[in-house]
Amino acid sequence: MTTRQEIEILIDKVAAGDREAFGLLYSHTSAKLFGTVLRILRTEAETEEAVQEIYVKVWRNAGRYRAGGTSPMTWLITIARNHAIDRLRARRAAGGGLDEAEAVADETPGPEALAMASSDRTRIVDCFGRLPLDRAEAVRRAYLEGDTYADLASRFEVPLNTMRTWLRRSLLTLRECLSE
């Protein structure tokens, strides 16, 4: 992992036109920026293109970064985030014509998918029925509602390790039941 100071030194060298430092800056920070941009744009192809544009901005604006102020990663991520949001806004503003609308797939499940989902739902409900009521509720709350182990232990008035055991054993029981 590269330290804050090392990244600041690389940015300073990039501001002076050092291509080797730019390559090192890219190799040390591009994965983080790629992840940031991907969360906003949601497509890898557009994200790759955006990240290249972002590093062009970094090359041109490296002299604006002031060491000792904001974290260099915060500065880079801000550039990346703003660029990605600008691209997203431009994409939305462009809108889509009728030609694009034809290419959009209908995501509504068809009859076969609905029948399979209904069958799967029935199996899951049956398997949950094999669990004691408190265990089934704990599993639902943990994995569908996002309750923490500590919240569940408090709610069911059991020790934390007991709750972990309940959940682990319940998941094993569900897995066995669903694999039958």
# chains A, B, ... in the order shown; residues from 1 in each chain; ligands from 1

call {"tool": "residues_around", "arguments": {"residues": "Arg66 in chain A", "least_positions_apart": "2", "cutoff": "12 Å", "atoms": "only C-alpha atoms", "output": "PDB file with N, CA, C and O atoms, in the first residue's frame"}}
result
ATOM      1  N   GLN A   5       2.024  10.283   1.854  1.00  0.00           N
ATOM      2  CA  GLN A   5       3.191  11.072   1.444  1.00  0.00           C
ATOM      3  C   GLN A   5       3.716  10.626   0.086  1.00  0.00           C
ATOM      4  O   GLN A   5       4.107  11.453  -0.738  1.00  0.00           O
ATOM      5  N   ILE A   7       2.039   9.256  -2.356  1.00  0.00           N
ATOM      6  CA  ILE A   7       1.122   9.712  -3.408  1.00  0.00           C
ATOM      7  C   ILE A   7       1.274  11.213  -3.626  1.00  0.00           C
ATOM      8  O   ILE A   7       1.266  11.687  -4.762  1.00  0.00           O
ATOM      9  N   GLU A   8       1.462  11.973  -2.543  1.00  0.00           N
ATOM     10  CA  GLU A   8       1.676  13.415  -2.677  1.00  0.00           C
ATOM     11  C   GLU A   8       2.939  13.707  -3.490  1.00  0.00           C
ATOM     12  O   GLU A   8       2.950  14.601  -4.344  1.00  0.00           O
ATOM     13  N   ILE A   9       3.995  12.944  -3.242  1.00  0.00           N
ATOM     14  CA  ILE A   9       5.254  13.118  -3.988  1.00  0.00           C
ATOM     15  C   ILE A   9       5.029  12.798  -5.464  1.00  0.00           C
ATOM     16  O   ILE A   9       5.498  13.521  -6.352  1.00  0.00           O
ATOM     17  N   ILE A  11       2.189  13.009  -7.141  1.00  0.00           N
ATOM     18  CA  ILE A  11       1.396  14.088  -7.740  1.00  0.00           C
ATOM     19  C   ILE A  11       2.285  15.297  -8.015  1.00  0.00           C
ATOM     20  O   ILE A  11       2.167  15.946  -9.066  1.00  0.00           O
ATOM     21  N   ASP A  12       3.173  15.604  -7.096  1.00  0.00           N
ATOM     22  CA  ASP A  12       4.096  16.731  -7.281  1.00  0.00           C
ATOM     23  C   ASP A  12       4.989  16.505  -8.510  1.00  0.00           C
ATOM     24  O   ASP A  12       5.209  17.424  -9.303  1.00  0.00           O
ATOM     25  N   ALA A  15       2.983  16.951 -11.646  1.00  0.00           N
ATOM     26  CA  ALA A  15       2.810  18.384 -11.924  1.00  0.00           C
ATOM     27  C   ALA A  15       4.028  18.942 -12.663  1.00  0.00           C
ATOM     28  O   ALA A  15       3.897  19.860 -13.480  1.00  0.00           O
ATOM     29  N   ASN A  61      -4.010  18.845 -14.242  1.00  0.00           N
ATOM     30  CA  ASN A  61      -4.305  19.648 -13.056  1.00  0.00           C
ATOM     31  C   ASN A  61      -3.494  19.269 -11.818  1.00  0.00           C
ATOM     32  O   ASN A  61      -3.816  19.722 -10.724  1.00  0.00           O
ATOM     33  N   ALA A  62      -2.480  18.455 -11.981  1.00  0.00           N
ATOM     34  CA  ALA A  62      -1.689  18.017 -10.824  1.00  0.00           C
ATOM     35  C   ALA A  62      -1.077  19.193 -10.077  1.00  0.00           C
ATOM     36  O   ALA A  62      -0.911  19.147  -8.854  1.00  0.00           O
ATOM     37  N   GLY A  63      -0.782  20.266 -10.763  1.00  0.00           N
ATOM     38  CA  GLY A  63      -0.206  21.448 -10.127  1.00  0.00           C
ATOM     39  C   GLY A  63      -1.173  22.142  -9.173  1.00  0.00           C
ATOM     40  O   GLY A  63      -0.753  22.929  -8.322  1.00  0.00           O
ATOM     41  N   ARG A  64      -2.450  21.840  -9.266  1.00  0.00           N
ATOM     42  CA  ARG A  64      -3.443  22.462  -8.389  1.00  0.00           C
ATOM     43  C   ARG A  64      -3.535  21.783  -7.026  1.00  0.00           C
ATOM     44  O   ARG A  64      -4.105  22.346  -6.100  1.00  0.00           O
ATOM     45  N   GLY A  68      -0.467  18.429   2.072  1.00  0.00           N
ATOM     46  CA  GLY A  68      -0.707  18.836   3.446  1.00  0.00           C
ATOM     47  C   GLY A  68      -2.133  19.298   3.674  1.00  0.00           C
ATOM     48  O   GLY A  68      -2.567  19.469   4.799  1.00  0.00           O
ATOM     49  N   GLY A  69      -2.892  19.486   2.610  1.00  0.00           N
ATOM     50  CA  GLY A  69      -4.298  19.868   2.731  1.00  0.00           C
ATOM     51  C   GLY A  69      -5.156  18.617   2.755  1.00  0.00           C
ATOM     52  O   GLY A  69      -5.047  17.792   3.652  1.00  0.00           O
ATOM     53  N   THR A  70      -5.968  18.496   1.738  1.00  0.00           N
ATOM     54  CA  THR A  70      -6.775  17.287   1.636  1.00  0.00           C
ATOM     55  C   THR A  70      -5.896  16.092   1.320  1.00  0.00           C
ATOM     56  O   THR A  70      -4.835  16.228   0.748  1.00  0.00           O
ATOM     57  N   SER A  71      -6.393  14.942   1.680  1.00  0.00           N
ATOM     58  CA  SER A  71      -5.695  13.702   1.351  1.00  0.00           C
ATOM     59  C   SER A  71      -5.586  13.604  -0.166  1.00  0.00           C
ATOM     60  O   SER A  71      -6.517  13.968  -0.886  1.00  0.00           O
ATOM     61  N   PRO A  72      -4.462  13.104  -0.684  1.00  0.00           N
ATOM     62  CA  PRO A  72      -4.339  12.989  -2.136  1.00  0.00           C
ATOM     63  C   PRO A  72      -5.385  12.032  -2.728  1.00  0.00           C
ATOM     64  O   PRO A  72      -5.886  12.274  -3.822  1.00  0.00           O
ATOM     65  N   THR A  74      -8.392  11.612  -1.538  1.00  0.00           N
ATOM     66  CA  THR A  74      -9.650  12.363  -1.537  1.00  0.00           C
ATOM     67  C   THR A  74      -9.698  13.276  -2.755  1.00  0.00           C
ATOM     68  O   THR A  74     -10.736  13.378  -3.421  1.00  0.00           O
ATOM     69  N   TRP A  75      -8.575  13.926  -3.065  1.00  0.00           N
ATOM     70  CA  TRP A  75      -8.499  14.799  -4.228  1.00  0.00           C
ATOM     71  C   TRP A  75      -8.759  14.004  -5.512  1.00  0.00           C
ATOM     72  O   TRP A  75      -9.569  14.402  -6.348  1.00  0.00           O
TER      73      TRP A  75
END

call {"tool": "select_by_dssp", "arguments": {"residues": "chain A", "states": "alpha helix (DSSP H)", "output": "number ranges by chain"}}
result
A: 4-15, 19-41, 44-61, 72-94, 98-103, 111-129, 133-143, 149-156, 160-179

call {"tool": "write_last_selection", "arguments": {"atoms": "C-alpha atoms", "output": "compact mmCIF listing (two decimals), in the first residue's frame"}}
result
# COMPACT_ATOMS: atom_id res chain seq x y z
CA ARG A 4 -0.27 9.49 1.67
CA GLN A 5 3.19 11.07 1.44
CA GLU A 6 4.24 8.81 -1.42
CA ILE A 7 1.12 9.71 -3.41
CA GLU A 8 1.68 13.42 -2.68
CA ILE A 9 5.25 13.12 -3.99
CA LEU A 10 4.00 11.35 -7.13
CA ILE A 11 1.40 14.09 -7.74
CA ASP A 12 4.10 16.73 -7.28
CA LYS A 13 6.30 14.96 -9.83
CA VAL A 14 3.35 14.61 -12.23
CA ALA A 15 2.81 18.38 -11.92
CA ARG A 19 5.77 10.53 -16.99
CA GLU A 20 7.29 7.76 -14.88
CA ALA A 21 5.70 9.22 -11.75
CA PHE A 22 2.41 9.44 -13.64
CA GLY A 23 2.64 5.72 -14.45
CA LEU A 24 3.32 4.92 -10.80
CA LEU A 25 0.45 7.15 -9.66
CA TYR A 26 -1.84 5.35 -12.08
CA SER A 27 -0.74 1.89 -10.94
CA HIS A 28 -1.19 2.78 -7.25
CA THR A 29 -4.55 4.54 -7.52
CA SER A 30 -6.43 3.37 -10.62
CA ALA A 31 -8.17 0.41 -8.95
CA LYS A 32 -9.72 2.65 -6.31
CA LEU A 33 -10.82 5.22 -8.88
CA PHE A 34 -12.18 2.51 -11.16
CA GLY A 35 -14.33 1.17 -8.31
CA THR A 36 -15.59 4.64 -7.46
CA VAL A 37 -16.55 5.38 -11.05
CA LEU A 38 -18.06 1.93 -11.64
CA ARG A 39 -20.45 2.41 -8.71
CA ILE A 40 -21.75 5.55 -10.41
CA LEU A 41 -21.75 4.57 -14.10
CA GLU A 44 -17.33 -1.43 -17.25
CA ALA A 45 -16.81 -0.11 -20.78
CA GLU A 46 -17.94 3.40 -19.89
CA THR A 47 -16.00 3.25 -16.62
CA GLU A 48 -12.76 2.33 -18.42
CA GLU A 49 -13.21 5.25 -20.79
CA ALA A 50 -14.05 7.62 -17.94
CA VAL A 51 -11.00 6.56 -15.90
CA GLN A 52 -8.73 7.38 -18.83
CA GLU A 53 -10.33 10.81 -19.12
CA ILE A 54 -9.92 11.29 -15.37
CA TYR A 55 -6.19 10.61 -15.54
CA VAL A 56 -5.89 13.13 -18.37
CA LYS A 57 -7.48 15.64 -15.98
CA VAL A 58 -5.06 14.57 -13.24
CA TRP A 59 -2.10 15.05 -15.61
CA ARG A 60 -3.31 18.54 -16.56
CA ASN A 61 -4.30 19.65 -13.06
CA PRO A 72 -4.34 12.99 -2.14
CA MET A 73 -6.76 10.08 -2.48
CA THR A 74 -9.65 12.36 -1.54
CA TRP A 75 -8.50 14.80 -4.23
CA LEU A 76 -8.28 12.02 -6.85
CA ILE A 77 -11.59 10.44 -5.82
CA THR A 78 -13.30 13.85 -5.97
CA ILE A 79 -12.06 14.35 -9.52
CA ALA A 80 -13.22 10.84 -10.44
CA ARG A 81 -16.60 11.17 -8.75
CA ASN A 82 -17.33 14.57 -10.31
CA HIS A 83 -16.30 13.34 -13.76
CA ALA A 84 -18.51 10.24 -13.45
CA ILE A 85 -21.48 12.30 -12.29
CA ASP A 86 -20.97 14.69 -15.22
CA ARG A 87 -20.99 11.71 -17.61
CA LEU A 88 -24.11 10.32 -15.96
CA ARG A 89 -25.89 13.67 -16.28
CA ALA A 90 -24.84 13.97 -19.92
CA ARG A 91 -26.13 10.46 -20.59
CA ARG A 92 -29.49 11.31 -18.99
CA ALA A 93 -29.73 14.66 -20.77
CA ALA A 94 -29.13 12.97 -24.13
CA LEU A 98 -37.14 5.28 -30.19
CA ASP A 99 -34.30 3.24 -31.71
CA GLU A 100 -32.78 2.77 -28.26
CA ALA A 101 -36.17 1.91 -26.78
CA GLU A 102 -36.51 -1.04 -29.16
CA ALA A 103 -33.17 -2.42 -28.01
CA PRO A 111 -44.59 -17.57 -17.83
CA GLU A 112 -41.86 -20.19 -17.39
CA ALA A 113 -39.85 -17.99 -15.04
CA LEU A 114 -42.98 -17.16 -13.03
CA ALA A 115 -43.83 -20.87 -12.68
CA MET A 116 -40.29 -21.69 -11.55
CA ALA A 117 -40.27 -18.79 -9.07
CA SER A 118 -43.57 -19.95 -7.64
CA SER A 119 -42.21 -23.48 -7.23
CA ASP A 120 -39.01 -22.17 -5.60
CA ARG A 121 -41.04 -19.95 -3.27
CA THR A 122 -43.14 -22.91 -2.18
CA ARG A 123 -40.01 -24.96 -1.43
CA ILE A 124 -38.44 -22.13 0.57
CA VAL A 125 -41.62 -21.58 2.60
CA ASP A 126 -41.83 -25.33 3.30
CA CYS A 127 -38.18 -25.41 4.41
CA PHE A 128 -38.68 -22.41 6.69
CA GLY A 129 -41.62 -24.30 8.18
CA LEU A 133 -40.51 -20.13 14.78
CA ASP A 134 -37.88 -18.10 16.62
CA ARG A 135 -35.07 -19.48 14.43
CA ALA A 136 -37.01 -18.81 11.23
CA GLU A 137 -37.72 -15.23 12.34
CA ALA A 138 -34.05 -14.73 13.26
CA VAL A 139 -32.95 -15.94 9.80
CA ARG A 140 -35.49 -13.65 8.07
CA ARG A 141 -34.40 -10.67 10.14
CA ALA A 142 -30.68 -11.34 9.64
CA TYR A 143 -30.67 -12.08 5.93
CA TYR A 149 -26.24 -10.55 15.34
CA ALA A 150 -26.17 -8.22 18.34
CA ASP A 151 -29.63 -6.83 17.51
CA LEU A 152 -31.02 -10.34 17.16
CA ALA A 153 -29.39 -11.57 20.38
CA SER A 154 -30.95 -8.65 22.22
CA ARG A 155 -34.36 -9.14 20.59
CA PHE A 156 -34.49 -12.87 21.39
CA LEU A 160 -24.48 -13.37 21.05
CA ASN A 161 -22.73 -16.70 20.45
CA THR A 162 -26.02 -18.53 20.84
CA MET A 163 -27.52 -16.33 18.13
CA ARG A 164 -24.60 -17.10 15.83
CA THR A 165 -25.14 -20.80 16.45
CA TRP A 166 -28.88 -20.49 15.78
CA LEU A 167 -28.26 -18.80 12.47
CA ARG A 168 -25.50 -21.18 11.37
CA ARG A 169 -27.53 -24.28 12.20
CA SER A 170 -30.68 -22.82 10.65
CA LEU A 171 -28.85 -22.09 7.41
CA LEU A 172 -27.48 -25.64 7.36
CA THR A 173 -31.00 -27.01 7.87
CA LEU A 174 -32.34 -24.80 5.06
CA ARG A 175 -29.54 -25.86 2.73
CA GLU A 176 -30.20 -29.56 3.42
CA CYS A 177 -33.92 -29.08 2.91
CA LEU A 178 -33.49 -27.19 -0.38
CA SER A 179 -31.04 -29.74 -1.75

call {"tool": "atom_distance", "arguments": {"atom1": "CA of Leu131 in chain A", "atom2": "CA of Val158 in chain A"}}
result
17.4 Å
